[in-house]
Amino acid sequence: MGFQIFTDSAANLPTPFAKEHNIGVLCLSYCMEGKSYQCPDTEDFDYPAYYEAMMNGPAITTSQVTPEQYMEQLEPVLAAGEDLLFVSLSSGISGCYASGCMAREQLLEKYPQRQIVMVDSMGAGMGEGILVTRALEYRAQGMTAREAGEKLEALKKNLCQIFSVDDLMYLKKGGRLSGASALLGSVLNIKPLLKGSAEGKIVPFGKVRGRKALLNRLAEIYRERVVNPGEQLVAISHCDCPEDARYLKEQVLSAHPPRELWVVNHEPVTGSHLGKGGIALFFLGDEDVRNI
C-alpha cells in the first residue's frame with residue numbers, strides 16, 4: 001500500500017518537482033512591514049527584490065506551520081483511507097516538528113487505523129528536501145510509511161549541510177545560531193563556515209578569508225566527505241548569488257559528479273535568516289559527517 005508524502009516549504013523543493021510527484025507542501029510564513037506572506041511557488045518569486053528589501057528595510061520575522069495547518073491539510077488524506085509521511089524542518093531551529101506531533105496525536109484519535117509518520121529531518125533547506133526525495137524512492141520500492149520513516153531516521157545521520165553567510169546578523173537576530181561567540185570579532189572579509197549539527201542546530205565550525213576561499217572550502221569538504229556520489233542527489237542553494245552557485249557547482253562536478261545536482265534559490269522564510277549572499281551545499285556522507 002502506498003502513502004502520501006508531505007513536507008514544509010523550508011524543504012526548498014522546486015514547485016514543479018513537488019507538483020509532479022504530488023508532494024504536499026505546508027507553507028511557513030514571513031512578515032514584512034506588518035504584512036504576512038507565503039511562497040507557494042518557488043518559480044514565481046522575485047528573489048533579488050526580496051533580498052534587497054531585507055538589506056534596506058525593517059527586519060523580517062517568520063512563523064512556523066501551526067497545528068491547525070497540519071490538521072487542515074492532512075486530515076483529507078486520512079479520511080480518504082491513506083497513510084502519510086511528513087518530513088519536517090529541524091526541531092533544533094523551529095517548532096514546526098512539535099506542531100506536527102501535536103496534530104498527529106489529535107488525528108490518530110480520529111483515525112487510529114492510519115499510519116501518520118513524522119520525521120524530524122534535523123535539517124533545513126535542501127537538507128530536508130533530499131530526505132523527501134528519498135521518501136519518494138522508498139515508496140516506489142513498496143515500503144510502508146512506517147518503513148520509509150525508519151529508513152529516513154537512519155539516513156539523516158549521514159546528511160551534510162554546510163553553508164556560509166555574508167552577515168551573521170540575520171542568524172543571530174533570529175536565534176538560529178548556536179555558539180556565535182566563536183566568530184565574534186572577525187575582521188573584514190573573514191567568512192564563517194556553518195553547519196547543521198547532529199542535534200539539528202546551526203553551529204560554526206571554522207572560517208576562511210575571502211569569498212573564493214569559502215567556495216573552495218565547501219567543495220573541498222564535499223570531495224573529502226561525500227559517499228557514493230554517483231548514487232545520490234546533491235544540492236546547492238543560494239540567496240541571490242547565482243554566480244557563486246555556478247562556481248561551486250563546477251567544483252562539485254569536477255570533484256565527484258553526483259547522480260543529480262540541483263541548484264536552487266533559497267526559499268524566503270529560511271532565507272531570511274541567511275540574508276543576501278548566503279550559500280549552502282547539501283550531500284550524504286558517512287555517519288560522522290555532521291561532526292566536521
# chains A, B, ... in the order shown; residues from 1 in each chain; ligands from 1
>>> select_by_dssp(residues="range 90-279 of chain A", states="strand (DSSP E)", output="ChimeraX atom specification")
/A:116-120,159-164,190-196,202-209,233-238,260-265,279
>>> residues_around(residues="Glu109 in chain A", least_positions_apart="6", cutoff="12 Å", atoms="only C-alpha atoms", output="number ranges by chain")
A: 75, 78, 102-103, 115-116
>>> residues_around(residues="range 215-230 of chain A", least_positions_apart="2", cutoff="8 Å", atoms="only C-alpha atoms", output="PyMOL selection string")
chain A and resi 162-163+211-213+232-234+244+247-248+251-252+255-259+281+283-286+289
>>> residues_around(residues="Pro14 in chain A", least_positions_apart="5", cutoff="9 Å", atoms="only C-alpha atoms", output="ChimeraX atom specification")
/A:19,41-43,264-265
>>> write_last_selection(atoms="C-alpha atoms", output="JSON list (two decimals), in the first residue's frame")
[["chain", "number", "residue", "atom", "x", "y", "z"],
["A", 19, "LYS", "CA", 3.66, 19.02, -8.15],
["A", 41, "ASP", "CA", 5.52, 28.78, -5.84],
["A", 42, "THR", "CA", 9.32, 28.81, -5.83],
["A", 43, "GLU", "CA", 9.43, 29.59, -9.56],
["A", 264, "VAL", "CA", 18.04, 26.35, -6.34],
["A", 265, "ASN", "CA", 17.21, 29.74, -4.91]]
>>> closest_residue(among="A:Leu193, A:Leu155, A:Val25, A:Ala235", to="Gln38 in chain A", atoms="only C-alpha atoms")
A:Val25
>>> residues_around(residues="Asp167 in chain A", least_positions_apart="4", cutoff="9 Å", atoms="only C-alpha atoms", output="JSON, numbers by chain")
{"A": [171, 191, 192, 274, 275, 276, 277, 278]}
>>> write_last_selection(atoms="N, CA, C and O atoms", output="short mmCIF file (atom, residue, chain, number, x, y, z; two decimals), in the first residue's frame")
data_model
loop_
_atom_site.label_atom_id
_atom_site.label_comp_id
_atom_site.auth_asym_id
_atom_site.auth_seq_id
_atom_site.Cartn_x
_atom_site.Cartn_y
_atom_site.Cartn_z
N LEU A 171 21.17 35.51 11.32
CA LEU A 171 21.10 34.29 12.12
C LEU A 171 21.06 34.60 13.61
O LEU A 171 20.33 33.97 14.37
N LYS A 191 35.03 34.93 6.28
CA LYS A 191 33.76 34.28 6.01
C LYS A 191 33.56 33.10 6.95
O LYS A 191 34.42 32.22 7.06
N PRO A 192 32.43 33.04 7.66
CA PRO A 192 32.19 31.94 8.59
C PRO A 192 31.78 30.67 7.87
O PRO A 192 31.09 30.70 6.85
N LEU A 274 19.43 33.88 6.57
CA LEU A 274 20.76 33.85 5.96
C LEU A 274 21.14 35.19 5.37
O LEU A 274 22.28 35.64 5.51
N GLY A 275 20.21 35.84 4.68
CA GLY A 275 20.49 37.13 4.06
C GLY A 275 21.17 36.98 2.71
O GLY A 275 21.67 35.91 2.34
N LYS A 276 21.18 38.06 1.96
CA LYS A 276 21.79 38.07 0.63
C LYS A 276 23.23 37.58 0.70
O LYS A 276 23.98 37.98 1.58
N GLY A 277 23.58 36.68 -0.22
CA GLY A 277 24.93 36.14 -0.24
C GLY A 277 25.07 34.80 0.46
O GLY A 277 26.12 34.16 0.37
N GLY A 278 24.01 34.35 1.14
CA GLY A 278 24.07 33.03 1.76
C GLY A 278 24.18 31.94 0.70
O GLY A 278 23.56 32.02 -0.35
#
>>> closest_residue(among="A:Met126, A:Met32, A:Leu74, A:Cys239", to="Gly271 in chain A", atoms="only C-alpha atoms")
A:Cys239
>>> decode(residues="range 54-120 of chain A", atoms="C-alpha atoms", output="PDB file, in the first residue's frame")
ATOM      1  CA  MET A  54      15.928  42.639   3.595  1.00  0.00           C
ATOM      2  CA  MET A  55      19.050  44.765   3.355  1.00  0.00           C
ATOM      3  CA  ASN A  56      17.296  48.116   3.142  1.00  0.00           C
ATOM      4  CA  GLY A  57      14.041  47.641   5.037  1.00  0.00           C
ATOM      5  CA  PRO A  58      12.842  46.671   8.513  1.00  0.00           C
ATOM      6  CA  ALA A  59      13.573  43.252   9.992  1.00  0.00           C
ATOM      7  CA  ILE A  60      11.662  40.280   8.603  1.00  0.00           C
ATOM      8  CA  THR A  61      10.004  37.902  11.046  1.00  0.00           C
ATOM      9  CA  THR A  62       8.879  34.349  10.324  1.00  0.00           C
ATOM     10  CA  SER A  63       6.152  31.982  11.516  1.00  0.00           C
ATOM     11  CA  GLN A  64       6.140  28.201  11.733  1.00  0.00           C
ATOM     12  CA  VAL A  65       3.452  25.848  10.483  1.00  0.00           C
ATOM     13  CA  THR A  66       0.694  25.673  13.101  1.00  0.00           C
ATOM     14  CA  PRO A  67      -1.100  22.547  14.370  1.00  0.00           C
ATOM     15  CA  GLU A  68      -4.248  23.875  12.692  1.00  0.00           C
ATOM     16  CA  GLN A  69      -2.486  23.995   9.314  1.00  0.00           C
ATOM     17  CA  TYR A  70      -1.368  20.412   9.747  1.00  0.00           C
ATOM     18  CA  MET A  71      -4.884  19.321  10.662  1.00  0.00           C
ATOM     19  CA  GLU A  72      -6.452  21.115   7.705  1.00  0.00           C
ATOM     20  CA  GLN A  73      -4.131  19.657   5.086  1.00  0.00           C
ATOM     21  CA  LEU A  74      -3.505  16.176   6.473  1.00  0.00           C
ATOM     22  CA  GLU A  75      -6.998  15.122   7.533  1.00  0.00           C
ATOM     23  CA  PRO A  76      -8.454  14.809   3.996  1.00  0.00           C
ATOM     24  CA  VAL A  77      -5.735  12.252   3.164  1.00  0.00           C
ATOM     25  CA  LEU A  78      -6.536  10.201   6.253  1.00  0.00           C
ATOM     26  CA  ALA A  79     -10.276  10.471   5.623  1.00  0.00           C
ATOM     27  CA  ALA A  80      -9.671   9.032   2.152  1.00  0.00           C
ATOM     28  CA  GLY A  81      -8.100   5.961   3.764  1.00  0.00           C
ATOM     29  CA  GLU A  82      -4.455   6.737   3.024  1.00  0.00           C
ATOM     30  CA  ASP A  83      -1.413   6.733   5.287  1.00  0.00           C
ATOM     31  CA  LEU A  84       1.071   9.606   5.265  1.00  0.00           C
ATOM     32  CA  LEU A  85       4.663  10.535   5.997  1.00  0.00           C
ATOM     33  CA  PHE A  86       5.733  14.073   6.907  1.00  0.00           C
ATOM     34  CA  VAL A  87       9.351  15.269   6.683  1.00  0.00           C
ATOM     35  CA  SER A  88       9.739  18.352   8.886  1.00  0.00           C
ATOM     36  CA  LEU A  89      12.118  21.255   9.337  1.00  0.00           C
ATOM     37  CA  SER A  90      14.620  20.570  12.136  1.00  0.00           C
ATOM     38  CA  SER A  91      13.302  20.770  15.681  1.00  0.00           C
ATOM     39  CA  GLY A  92      16.657  22.330  16.550  1.00  0.00           C
ATOM     40  CA  ILE A  93      15.712  25.604  14.844  1.00  0.00           C
ATOM     41  CA  SER A  94      11.909  25.585  14.605  1.00  0.00           C
ATOM     42  CA  GLY A  95       8.724  24.490  16.345  1.00  0.00           C
ATOM     43  CA  CYS A  96       7.272  23.019  13.132  1.00  0.00           C
ATOM     44  CA  TYR A  97       8.008  19.438  14.169  1.00  0.00           C
ATOM     45  CA  ALA A  98       6.421  19.930  17.592  1.00  0.00           C
ATOM     46  CA  SER A  99       3.313  21.411  15.958  1.00  0.00           C
ATOM     47  CA  GLY A 100       3.118  18.428  13.629  1.00  0.00           C
ATOM     48  CA  CYS A 101       3.370  15.981  16.511  1.00  0.00           C
ATOM     49  CA  MET A 102       0.539  17.784  18.306  1.00  0.00           C
ATOM     50  CA  ALA A 103      -1.629  17.497  15.209  1.00  0.00           C
ATOM     51  CA  ARG A 104      -0.647  13.846  14.775  1.00  0.00           C
ATOM     52  CA  GLU A 105      -1.912  12.927  18.237  1.00  0.00           C
ATOM     53  CA  GLN A 106      -5.281  14.541  17.569  1.00  0.00           C
ATOM     54  CA  LEU A 107      -5.596  12.950  14.147  1.00  0.00           C
ATOM     55  CA  LEU A 108      -4.721   9.479  15.413  1.00  0.00           C
ATOM     56  CA  GLU A 109      -7.581   9.700  17.897  1.00  0.00           C
ATOM     57  CA  LYS A 110      -9.930  10.156  14.964  1.00  0.00           C
ATOM     58  CA  TYR A 111      -8.137   7.811  12.535  1.00  0.00           C
ATOM     59  CA  PRO A 112      -6.467   5.151  14.728  1.00  0.00           C
ATOM     60  CA  GLN A 113      -6.180   2.701  11.854  1.00  0.00           C
ATOM     61  CA  ARG A 114      -3.944   5.002   9.809  1.00  0.00           C
ATOM     62  CA  GLN A 115      -0.164   5.446   9.850  1.00  0.00           C
ATOM     63  CA  ILE A 116       0.963   9.042  10.438  1.00  0.00           C
ATOM     64  CA  VAL A 117       4.758   9.118  10.426  1.00  0.00           C
ATOM     65  CA  MET A 118       6.557  12.316  11.448  1.00  0.00           C
ATOM     66  CA  VAL A 119      10.256  12.594  10.594  1.00  0.00           C
ATOM     67  CA  ASP A 120      12.346  15.349  12.186  1.00  0.00           C
TER      68      ASP A 120
END
